[in-house]
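Novice: Shown below is the structure under consideration.
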6 protein chains.
Amino acid sequence: MKAQLKMVNSIIETPIAPLPQELYLPTLKQALVEDLGLAGDVTSQLTIPENKKATATLVARADGIIAGLDIALTTFTLVDNSLQITPLITDGQFVKAGQKLATVKGNARAILTGERVALNLLSHLSGIATTTYKMANAIADLPTKLLDTRKTTPTLRALQKYAVRCGGGHNHRMSLADMVMIKDNHIAFAGGLQQALQAAKAGRSHALKTEVEVDTLQQLEELIALGGADIVLLDNMPPEILKKAVAMVNGKMATEASGVITPQTIRKIAETGVDYISAGFITHSAPAFDVGLDVI
Amino acid sequence: MKAQLKMVNSIIETPIAPLPQELYLPTLKQALVEDLGLAGDVTSQLTIPENKKATATLVARADGIIAGLDIALTTFTLVDNSLQITPLITDGQFVKAGQKLATVKGNARAILTGERVALNLLSHLSGIATTTYKMANAIADLPTKLLDTRKTTPTLRALQKYAVRCGGGHNHRMSLADMVMIKDNHIAFAGGLQQALQAAKAGRSHALKTEVEVDTLQQLEELIALGGADIVLLDNMPPEILKKAVAMVNGKMATEASGVITPQTIRKIAETGVDYISAGFITHSAPAFDVGLDVI
Amino acid sequence: MKAQLKMVNSIIETPIAPLPQELYLPTLKQALVEDLGLAGDVTSQLTIPENKKATATLVARADGIIAGLDIALTTFTLVDNSLQITPLITDGQFVKAGQKLATVKGNARAILTGERVALNLLSHLSGIATTTYKMANAIADLPTKLLDTRKTTPTLRALQKYAVRCGGGHNHRMSLADMVMIKDNHIAFAGGLQQALQAAKAGRSHALKTEVEVDTLQQLEELIALGGADIVLLDNMPPEILKKAVAMVNGKMATEASGVITPQTIRKIAETGVDYISAGFITHSAPAFDVGLDVI
Amino acid sequence: MKAQLKMVNSIIETPIAPLPQELYLPTLKQALVEDLGLAGDVTSQLTIPENKKATATLVARADGIIAGLDIALTTFTLVDNSLQITPLITDGQFVKAGQKLATVKGNARAILTGERVALNLLSHLSGIATTTYKMANAIADLPTKLLDTRKTTPTLRALQKYAVRCGGGHNHRMSLADMVMIKDNHIAFAGGLQQALQAAKAGRSHALKTEVEVDTLQQLEELIALGGADIVLLDNMPPEILKKAVAMVNGKMATEASGVITPQTIRKIAETGVDYISAGFITHSAPAFDVGLDVI
Amino acid sequence: MKAQLKMVNSIIETPIAPLPQELYLPTLKQALVEDLGLAGDVTSQLTIPENKKATATLVARADGIIAGLDIALTTFTLVDNSLQITPLITDGQFVKAGQKLATVKGNARAILTGERVALNLLSHLSGIATTTYKMANAIADLPTKLLDTRKTTPTLRALQKYAVRCGGGHNHRMSLADMVMIKDNHIAFAGGLQQALQAAKAGRSHALKTEVEVDTLQQLEELIALGGADIVLLDNMPPEILKKAVAMVNGKMATEASGVITPQTIRKIAETGVDYISAGFITHSAPAFDVGLDVI
Amino acid sequence: MKAQLKMVNSIIETPIAPLPQELYLPTLKQALVEDLGLAGDVTSQLTIPENKKATATLVARADGIIAGLDIALTTFTLVDNSLQITPLITDGQFVKAGQKLATVKGNARAILTGERVALNLLSHLSGIATTTYKMANAIADLPTKLLDTRKTTPTLRALQKYAVRCGGGHNHRMSLADMVMIKDNHIAFAGGLQQALQAAKAGRSHALKTEVEVDTLQQLEELIALGGADIVLLDNMPPEILKKAVAMVNGKMATEASGVITPQTIRKIAETGVDYISAGFITHSAPAFDVGLDVI
């Protein structure tokens, strides 16, 4: 893994634009309330002297890409705004196991009270960034770009899609309202591709792109005959079929492949020449990135 | 995997007590708002006739344990409370790939509008339940029980810990306020184990258990000499040391092992005779369980 | 005005897809709490017998287009879910002064308690729909479409943009995240159009369209030379310049005109042949539509 | 208009008492989330260098009365609390087209990210203040005072009624709980004015005033015979009838006129000698006040 | 106490107008979440069979006035909306120890899960109603009315003031915005009573009453000389001074006494002839009313 | 009372660990909104010059124990964060009538605007602390400890239980999820003590203690025969029976007495030798502690 991870600078365009705080502060506050229960950190209250000072270091316990560091560190500020917080790296950077990510200085109880929420968030988002990076890096020498999907953990989409950007991935639509995306079920309910596509084109917003899913080359042919769309989603096609599909599209639409995309399969898919590959895996199945808090 | 999964009834005590709806309705509503954007499902609005009726089936695409089915189905009710929803199995049950989980009948647009939020939740929670089950099942013939941790995804702890219960795991403390859990940092800040333990015992709540982390047999010896605690956490000890620790404790405290517990390592740990094994892996790194929605 | 309004069916495509309730229920509840104070409708409590029954009719007091009827009627259900509510028309329909819109039957106190919130919402949204209609209708025989903007009343964007759809208008982007829209300030900060456009094209999402604002024909020429965008915003150009701009674009980009668009100016702008006209006026300056509640 | 607006100091009592921040911060945060979508200002992120600094000026594009300047400027602080914000005028002041209202210095992306929410709020509230001022100023030489109503935009009442105060208007009751206000429907349901008035007087709060609506001089006579109320609402009476009504009341109750009050009609109504005129127009139909943000 | 309580019908005007549900549902939901923790009622889940049915009865364990019964019973519906709930009395009624208040039938676990929140609310509000009644009843034969104050428990004012109404008390102002109430500190800051009163009279809302606090007969004299107010608050005056004050006012203002009003002192105060007595005691110091839940 | 209160240092272990702000800020904000109405403190706005400065002192008007001082003072910061706030004592301290608790300096309007919310919270929590202290102090020379219960005011449990800690009391479980507590109803529904206890022991969490309620010595005997629990709740037993129960338990379980525990009865109960006494009285029936705000 390390060899690959060294290439990170080539695919992640840092600095990553930070997420506006109104998009994550409510989540942090809710997470703190969840972990504090109704009495807070009883262990620290009982065992640590009230004014004990400490310095803690967040440390990577694996190689990977960091996402959400400033966000996670805000947790400590919410617990005690007199804590001195110093991030040592920025989101989107590659770190090695053992590397220090940030220091937190101040009241010892406060540091331990915020520890778990901060680490949970950082390890979750860095896990997504790291998995994203691994898959994006596997196709870094090809023109194909890696996209996320709407297969995110409920209520955490803004954060998870931010982590995808940190890992060198690109965001597909954010919500149902962001794009006209005609899938098999829409076609069936509309009574056919032609009906669905006409209705969509007659529809309202000039601001939205239109993407159409096809599962076979025959459907693709029909789509092309109907004038195409902005993007065609080539779903669950094996590489050899994908190659033919790309040839048929011939640059008239952007092409996107989807369906069981994993770190193992992505390169073969990319080599077919599709413009984009979308993978739910990077948000719904990325393992946590191991981060610890060492106290001096 | 299938052979193991057949044993499910021996370790999961169904029926699982359902989670009260006040603990998940706000999450569902927030997830819907997140996915609806400001205009809702524009594709369905454009392409599907307003009064089109449909029947959809939620189908497992892998073998596993289901968690959160009724919760996820509530999403459809929030979108359109005239939808007819029929769950076909209950949480904690083992299903095979291809097995139908529920049917949803009614307005076609409403079904597609709620689809993604419902599937995201169901696949996330069933993923946790399935990974929990795999690890719990690996030690099902031993008396050791599998515990979760506080290493959960921010704001989703009640749901994730519910999924652990569905998978045959057991819950460790829910929040910082639920137990006095003295870890290495508390001991360091308190000035030693004796000081930390005395302070904790002099502390307030008779309702809380006390657990103490030890990293070496020497620390364990010190803990025993000080009169012990309700539970001792034996952290990051290799199996042979764990075995000695269990012998030293000799039933006077409950014993819990932790540290890099994975599906690969859990059985060796359990064979040391510890009462509990706690694993962050089941909540922070469980891959999603694949569920689809088929429309007729 | 009436003559124009008869044409409504030609530009409003009813039925309007309803707004999902999760996008407006929190607003309704907050509005009710705002109007109830801490003691509720003291006048009705004091003067009307507790079990008095009544039938109320919502009546248009002007000609116009209705928007938000079902949404507004939900207010009564939140006050007393035993009220019988019967809408008599649907959103997007043209009504004449004196026309009945809905009836509400049941507890008299409950009807009066919900009256003001329901009417405030209905008159606000129908005012937007009616103003939108007047402007859209003024160009109904031309291919140009009327768009809204992000110039909406804070926190009410989903509702106001829904009202625009009811009035025969079309929605521009919903939020800052929905489109790459390069305006004069972006160009200035980027160091020029070329830099801004290159950066945008190198940017992340394949799902988003790109629109570029130009204020002069010279800027338009530069944009075209750089390869153009999906849409060009022709800002504050007089009709004769607009006509030249449309000719220069020559169908290679969608064209959108903006800047002081009012019911008086819109037709001249549309006659230049632009594809779209965007007008903040329809959301930020539409007068309320007069609706009353008559009680029998 | 300008001539009239010069008189502003005579009817607006500055300084206006500021609205407590707990009454508007939740609205600002919700408005920002609404405009940020799930990814924030993608255009600024893509086109503007991360550390670009800028100075922006909020500028009036018309003559009018400013309301909500400090509130609107708080938006920028929520986006980036390192921005330097300098208001140049205060709420309730008359400004001329082209006049600078405030400067915002700091990160260029942050300024553009907050721009729309801040301008939307400021132009909405200043629109209400300006319309209020025009109507209040039209009767500034008469003792009659201009009142608002409960005909406000749902969830924005505290802000809109604040804007009315900025424009030289006065607030009628804030909610249903603030006054006993007996209207035609209450009288009908109570079985007559006598019954309604008796019930109200027997009612609970000594803290609330009582107002009674009458539509005819005969009803007014009945009200006077019953002992009157604190205030009588003379609804929809033409000026000549109003004059008679004021004479009949003869100072024994405060008199308030309502019904189709517009900038055109208000002076004639005021000349009848009524103490108050209440107008929904100033909150539900005031056009936005044009404000721009110029970046240097 | 019983003798007094029999008189209840003479001072409590039932039926009490119910509180709109939007004013208490958020409180109920928050209270449930508070009591459920993250796992709900673990004891019932473990010990009671899932489908066990039961019938529970809410029973008064003391004599008193009931307030909040329907509100409290709503808790059970939030836990399980299939529970059958039958209130047996209505708010504002006198009950005797042992009297049944309501029955709840259905799932046994659900009943026990909702029990504590429902009882906590009912005993709190009925405690306020009962204490209110005792004090109001002590002066029931006199024309003086008992008022509450703004000395309520934070966030529960709407509920507590409702309970006061159930107990035969009357509500003073609901919030700082409901009345102009000039107290000693205002007078001091204004530079004297004259300045404060003039400023208040010149102030904005015709909808609000004005009340002025005086502590001595000399201040009262000054107030009268200045033209008085709607209400005069005679603060902390002994009965003999109060009597003189009432005589001085001579019906020109409503009179209100305040200051250390308890069940022991109220009658002496009322016998001075004041119109109103306001007592913080009934909301901030009323002991809980004992209610139990008996399960069959 | 004063004699008793002098002993305070022996039972209250100061400093009390402060409550994390995320557990009370939402309550403070909601309380402020509740008291501000939609227009704020109209009296101060009208009568006090805008820039008037003042110094206010919070003063105890009785002897007692302070709880929630820093929390209550935060109210002033929310109203105006330029106010200078100086607490003079800390939570858990004994104060005498007339003693100064804190000073607040700055804008006079802001001080009066925040006064009532701050005082309401401080007097409520200090009332609980003072009543707790009186009961805890009455048994200070005995080993028995005083516990609170779940009989708290809805939504204020974290604050009230914090006040109990300030008064020298100890917290029982925080929520239904914190302990397995088998009461009479559980036993009845389970079909007997044996069934309930077995089910509970087979249950999930190793982190939770188990407590069992018994009402008679016979039930206690049965419990002991079944192996006991962590804690036995001896409910509603008279002192002489309690003494026998304590002897029977003989140190094998912790013993807790409950049932009509008041300041009058607590000592007799404690003298029976029980380890704990739990009293709902201290949270649901503690009268407010009198605190005033004096302005210089």
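Following the order of the structure tokens, chains are lettered A, B, ..., residues in each are numbered from 1, and ligands are numbered from 1.
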Do you know which residues are at most 8 Å from D:Leu83 counting only C-alpha atoms, after dropping those on the same chain fewer than 4 positions away, and could you put them as number ranges by chain?
Specialist: D: 76-77, 104-107
Novice: Please produce a file of those selected residues containing N, CA and C atoms, as a PDB file, in the first residue's frame.
Specialist:
```pdb
ATOM      1  N   PHE D  76     -22.092  36.887   7.593  1.00  0.00           N
ATOM      2  CA  PHE D  76     -20.685  36.761   7.220  1.00  0.00           C
ATOM      3  C   PHE D  76     -19.858  36.183   8.370  1.00  0.00           C
ATOM      4  N   THR D  77     -20.200  36.572   9.578  1.00  0.00           N
ATOM      5  CA  THR D  77     -19.491  36.028  10.742  1.00  0.00           C
ATOM      6  C   THR D  77     -19.720  34.533  10.869  1.00  0.00           C
ATOM      7  N   VAL D 104     -17.065  44.703   4.329  1.00  0.00           N
ATOM      8  CA  VAL D 104     -16.677  43.378   4.816  1.00  0.00           C
ATOM      9  C   VAL D 104     -15.315  43.078   4.218  1.00  0.00           C
ATOM     10  N   LYS D 105     -14.338  42.832   5.097  1.00  0.00           N
ATOM     11  CA  LYS D 105     -12.977  42.576   4.630  1.00  0.00           C
ATOM     12  C   LYS D 105     -12.513  41.194   5.049  1.00  0.00           C
ATOM     13  N   GLY D 106     -11.769  40.543   4.167  1.00  0.00           N
ATOM     14  CA  GLY D 106     -11.177  39.263   4.565  1.00  0.00           C
ATOM     15  C   GLY D 106     -11.171  38.282   3.416  1.00  0.00           C
ATOM     16  N   ASN D 107     -11.290  37.013   3.736  1.00  0.00           N
ATOM     17  CA  ASN D 107     -11.217  35.954   2.745  1.00  0.00           C
ATOM     18  C   ASN D 107     -12.271  36.123   1.650  1.00  0.00           C
TER      19      ASN D 107
END
```
Novice: With chain E as the partner and 7 Å as the cut-off, tabulate the residues of chain B that qualify, each row holding the nearest pair of atoms and their distance in Å to one decimal, using only C-alpha atoms, sorted by chain and rising number, as CSV.
Specialist:
```
residue,atom,partner,partner_atom,distance
B:Ala17,CA,E:Gln45,CA,6.0
B:Leu19,CA,E:Gly40,CA,7.0
B:Pro20,CA,E:Val79,CA,6.6
B:Glu22,CA,E:Val33,CA,6.5
B:Leu23,CA,E:Val33,CA,6.6
B:Ala158,CA,E:Leu38,CA,4.9
B:Met174,CA,E:Leu38,CA,6.6
```
Novice: Can I get the selection written as a JSON list (two decimals), in the first residue's frame, with all heavy atoms?
Specialist:
```
[["chain", "number", "residue", "atom", "x", "y", "z"],
["B", 17, "ALA", "N", -35.87, -6.81, 20.86],
["B", 17, "ALA", "CA", -36.76, -5.72, 21.31],
["B", 17, "ALA", "C", -36.58, -4.51, 20.40],
["B", 17, "ALA", "O", -35.46, -4.06, 20.19],
["B", 17, "ALA", "CB", -36.42, -5.34, 22.75],
["B", 19, "LEU", "N", -36.39, -0.78, 18.79],
["B", 19, "LEU", "CA", -35.92, 0.52, 19.28],
["B", 19, "LEU", "C", -37.12, 1.48, 19.31],
["B", 19, "LEU", "O", -37.88, 1.55, 18.34],
["B", 19, "LEU", "CB", -34.87, 1.05, 18.29],
["B", 19, "LEU", "CG", -33.84, 2.03, 18.81],
["B", 19, "LEU", "CD1", -32.98, 1.41, 19.89],
["B", 19, "LEU", "CD2", -32.94, 2.49, 17.67],
["B", 20, "PRO", "N", -37.32, 2.21, 20.41],
["B", 20, "PRO", "CA", -38.44, 3.17, 20.42],
["B", 20, "PRO", "C", -38.28, 4.20, 19.30],
["B", 20, "PRO", "O", -37.18, 4.66, 19.02],
["B", 20, "PRO", "CB", -38.29, 3.86, 21.80],
["B", 20, "PRO", "CG", -37.50, 2.91, 22.63],
["B", 20, "PRO", "CD", -36.58, 2.19, 21.68],
["B", 22, "GLU", "N", -38.90, 7.29, 18.94],
["B", 22, "GLU", "CA", -38.34, 8.62, 19.19],
["B", 22, "GLU", "C", -36.81, 8.62, 19.07],
["B", 22, "GLU", "O", -36.20, 9.67, 18.94],
["B", 22, "GLU", "CB", -38.76, 9.15, 20.57],
["B", 22, "GLU", "CG", -40.23, 9.43, 20.71],
["B", 22, "GLU", "CD", -40.78, 10.38, 19.63],
["B", 22, "GLU", "OE1", -40.06, 11.31, 19.24],
["B", 22, "GLU", "OE2", -41.91, 10.16, 19.17],
["B", 23, "LEU", "N", -36.22, 7.42, 19.12],
["B", 23, "LEU", "CA", -34.76, 7.33, 18.99],
["B", 23, "LEU", "C", -34.29, 7.27, 17.54],
["B", 23, "LEU", "O", -33.10, 7.31, 17.28],
["B", 23, "LEU", "CB", -34.24, 6.11, 19.77],
["B", 23, "LEU", "CG", -34.45, 6.16, 21.28],
["B", 23, "LEU", "CD1", -33.80, 4.96, 21.96],
["B", 23, "LEU", "CD2", -33.89, 7.45, 21.89],
["B", 158, "ALA", "N", -27.24, 4.92, 18.84],
["B", 158, "ALA", "CA", -28.40, 4.12, 19.24],
["B", 158, "ALA", "C", -28.75, 3.10, 18.16],
["B", 158, "ALA", "O", -29.05, 1.94, 18.46],
["B", 158, "ALA", "CB", -29.59, 5.01, 19.55],
["B", 174, "MET", "N", -23.09, 2.73, 26.88],
["B", 174, "MET", "CA", -23.69, 3.55, 25.82],
["B", 174, "MET", "C", -23.02, 4.91, 25.71],
["B", 174, "MET", "O", -22.95, 5.49, 24.64],
["B", 174, "MET", "CB", -25.18, 3.76, 26.13],
["B", 174, "MET", "CG", -26.01, 2.52, 25.93],
["B", 174, "MET", "SD", -26.22, 2.16, 24.15],
["B", 174, "MET", "CE", -26.80, 0.46, 24.22]]
```
Novice: Which of these residues is nearest to E:Thr210, using only C-alpha atoms: E:Gly167, E:Gly228, E:Pro15, E:Pro87?
Specialist: E:Gly228
Novice: Which neighbours of A:Gly203 fall inside 10 Å, counting only C-alpha atoms, when residues of the same chain fewer than 3 positions from it are skipped, and could you give them as a PyMOL selection string?
Specialist: (chain A and resi 180+197-200+206) or (chain B and resi 42-43+45-47) or (chain C and resi 13+170)
Novice: From a DSSP pass on the backbone, collect the residues of stretch 218-282 of chain E flagged as helix (DSSP H, G or I) and hand them back as a list in words.
Specialist: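 Matching residues, listed in order: Gln218, Gln219, Leu220, Glu221, Glu222, Leu223, Ile224, Ala225, Pro239, Glu240, Ile241, Leu242, Lys243, Lys244, Ala245, Val246, Ala247, Met248, Val249, Ile266, Arg267, Lys268, Ile269, Ala270, Phe281 and Ile282 of chain E.
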Novice: So which one's closest to A:Val291, A:Lys96, A:Lys209, A:Lys134, A:Arg61? Using only C-alpha atoms, please.
Specialist: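 Residue with the minimum atom-to-atom distance to A:Val291: A:Arg61.
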Novice: Taking the backbone alone, and naming residues the way the document does, which bits of stretch 127-203 of chain D are strand (DSSP E) by DSSP, as JSON, numbers by chain?
Specialist: {"D": [145, 146, 147, 180, 181, 182]}
Novice: Do you know which residues are at most 7 Å from A:Val59 counting only C-alpha atoms, after dropping those on the same chain fewer than 2 positions away, and could you put them as a ChimeraX atom specification?
Specialist: /A:57,61,98-101,291-293
Novice: I'd like the neighbourhood of A:Ile224 as a PyMOL selection string, where a residue qualifies if any of its atoms comes within 10 Å (using only C-alpha atoms), though same-chain residues fewer than 6 positions away should be ignored.
Specialist: chain A and resi 218+232+248-249+252-253
Novice: Can you tell me, as a PyMOL selection string, what residues are no more than 6 Å from stretch 121-131 of chain B when counting only C-alpha atoms, ignoring any on the same chain fewer than 5 positions away?
Specialist: chain B and resi 64-68+72+163-164+166-167+282-283+286-290
Novice: Residues of the last selection are to be written out with N, CA and C atoms, as a PDB file, in the first residue's frame.
Specialist:
```pdb
ATOM      1  N   GLY B  64     -26.898 -12.872   5.053  1.00  0.00           N
ATOM      2  CA  GLY B  64     -26.543 -12.050   6.214  1.00  0.00           C
ATOM      3  C   GLY B  64     -27.663 -11.964   7.221  1.00  0.00           C
ATOM      4  N   ILE B  65     -27.446 -11.086   8.183  1.00  0.00           N
ATOM      5  CA  ILE B  65     -28.419 -10.866   9.261  1.00  0.00           C
ATOM      6  C   ILE B  65     -29.048  -9.494   9.051  1.00  0.00           C
ATOM      7  N   ILE B  66     -30.350  -9.448   9.125  1.00  0.00           N
ATOM      8  CA  ILE B  66     -31.059  -8.192   8.889  1.00  0.00           C
ATOM      9  C   ILE B  66     -31.193  -7.380  10.184  1.00  0.00           C
ATOM     10  N   ALA B  67     -30.952  -6.089  10.077  1.00  0.00           N
ATOM     11  CA  ALA B  67     -31.170  -5.171  11.213  1.00  0.00           C
ATOM     12  C   ALA B  67     -31.751  -3.873  10.681  1.00  0.00           C
ATOM     13  N   GLY B  68     -32.774  -3.374  11.336  1.00  0.00           N
ATOM     14  CA  GLY B  68     -33.330  -2.072  10.985  1.00  0.00           C
ATOM     15  C   GLY B  68     -34.390  -2.128   9.899  1.00  0.00           C
ATOM     16  N   ALA B  72     -36.161   1.176   8.608  1.00  0.00           N
ATOM     17  CA  ALA B  72     -35.952   1.631   7.232  1.00  0.00           C
ATOM     18  C   ALA B  72     -37.282   1.770   6.495  1.00  0.00           C
ATOM     19  N   ALA B 163     -28.138  -2.519  16.052  1.00  0.00           N
ATOM     20  CA  ALA B 163     -27.730  -3.493  15.031  1.00  0.00           C
ATOM     21  C   ALA B 163     -26.796  -4.548  15.613  1.00  0.00           C
ATOM     22  N   VAL B 164     -25.954  -4.144  16.530  1.00  0.00           N
ATOM     23  CA  VAL B 164     -25.087  -5.120  17.207  1.00  0.00           C
ATOM     24  C   VAL B 164     -25.939  -6.157  17.938  1.00  0.00           C
ATOM     25  N   CYS B 166     -28.908  -7.040  17.158  1.00  0.00           N
ATOM     26  CA  CYS B 166     -29.535  -7.883  16.132  1.00  0.00           C
ATOM     27  C   CYS B 166     -28.572  -8.965  15.635  1.00  0.00           C
ATOM     28  N   GLY B 167     -27.283  -8.680  15.666  1.00  0.00           N
ATOM     29  CA  GLY B 167     -26.301  -9.623  15.154  1.00  0.00           C
ATOM     30  C   GLY B 167     -25.785 -10.599  16.188  1.00  0.00           C
ATOM     31  N   ILE B 282     -16.764  -3.992  14.632  1.00  0.00           N
ATOM     32  CA  ILE B 282     -18.132  -4.308  14.190  1.00  0.00           C
ATOM     33  C   ILE B 282     -18.987  -3.072  13.940  1.00  0.00           C
ATOM     34  N   THR B 283     -18.613  -1.959  14.563  1.00  0.00           N
ATOM     35  CA  THR B 283     -19.382  -0.736  14.273  1.00  0.00           C
ATOM     36  C   THR B 283     -18.653   0.217  13.334  1.00  0.00           C
ATOM     37  N   ALA B 286     -17.575  -2.288   9.582  1.00  0.00           N
ATOM     38  CA  ALA B 286     -18.396  -3.306   8.926  1.00  0.00           C
ATOM     39  C   ALA B 286     -18.809  -2.823   7.538  1.00  0.00           C
ATOM     40  N   PRO B 287     -18.545  -3.616   6.506  1.00  0.00           N
ATOM     41  CA  PRO B 287     -19.015  -3.203   5.172  1.00  0.00           C
ATOM     42  C   PRO B 287     -20.538  -3.275   5.087  1.00  0.00           C
ATOM     43  N   ALA B 288     -21.109  -2.469   4.205  1.00  0.00           N
ATOM     44  CA  ALA B 288     -22.561  -2.465   4.019  1.00  0.00           C
ATOM     45  C   ALA B 288     -23.043  -3.837   3.536  1.00  0.00           C
ATOM     46  N   PHE B 289     -24.266  -4.157   3.918  1.00  0.00           N
ATOM     47  CA  PHE B 289     -24.925  -5.376   3.446  1.00  0.00           C
ATOM     48  C   PHE B 289     -25.720  -5.001   2.199  1.00  0.00           C
ATOM     49  N   ASP B 290     -25.591  -5.777   1.163  1.00  0.00           N
ATOM     50  CA  ASP B 290     -26.183  -5.376  -0.117  1.00  0.00           C
ATOM     51  C   ASP B 290     -27.670  -5.713  -0.167  1.00  0.00           C
TER      52      ASP B 290
END
```
Novice: Which one of E:Asn185, E:Ser82, E:Thr149, E:Asn120 sits closest to F:Asp294 if you count only C-alpha atoms?
Specialist: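 Smallest separation from F:Asp294 among the options: E:Asn185.
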Novice: Mind pulling up the distance from atom CA of D:Val95 to atom CA of D:Asp63?
Specialist: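 Between atom CA of D:Asp63 and atom CA of D:Val95 the gap works out to 5.6 Å.
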Novice: I want to know what sits within 7 Å of B:Arg267, based on only C-alpha atoms, with residues of the same chain fewer than 2 positions away left out; could you give that as a PyMOL selection string?
Specialist: chain B and resi 138-139+265+269-271
Novice: Using N, CA and C atoms, can you write the selected residues to a file as a short mmCIF file (atom, residue, chain, number, x, y, z; two decimals), in the first residue's frame?
Specialist:
```cif
data_model
loop_
_atom_site.label_atom_id
_atom_site.label_comp_id
_atom_site.auth_asym_id
_atom_site.auth_seq_id
_atom_site.Cartn_x
_atom_site.Cartn_y
_atom_site.Cartn_z
N ALA B 138 -18.28 -17.13 15.35
CA ALA B 138 -16.97 -17.79 15.38
C ALA B 138 -16.62 -18.26 16.78
N ILE B 139 -17.29 -17.73 17.78
CA ILE B 139 -17.00 -18.14 19.16
C ILE B 139 -18.27 -18.64 19.84
N THR B 265 -8.89 -12.90 14.33
CA THR B 265 -8.21 -13.10 15.61
C THR B 265 -9.14 -13.50 16.75
N ILE B 269 -8.52 -15.39 20.81
CA ILE B 269 -8.71 -14.60 22.03
C ILE B 269 -9.74 -15.25 22.93
N ALA B 270 -10.82 -15.71 22.33
CA ALA B 270 -11.90 -16.30 23.13
C ALA B 270 -11.44 -17.58 23.81
N GLU B 271 -10.56 -18.30 23.14
CA GLU B 271 -10.11 -19.56 23.72
C GLU B 271 -9.25 -19.38 24.96
#
```
Novice: Using only C-alpha atoms, find the one residue out of D:Thr152, D:Thr27, D:Thr272, D:Asn250 that sits nearest to D:Thr75.
Specialist: D:Thr27
Novice: Give me, please, the distance in Å between atom CA of D:Asn137 and atom CA of E:Met179, quoted to one decimal.
Specialist: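 Separation between atom CA of D:Asn137 and atom CA of E:Met179: 27.1 Å.
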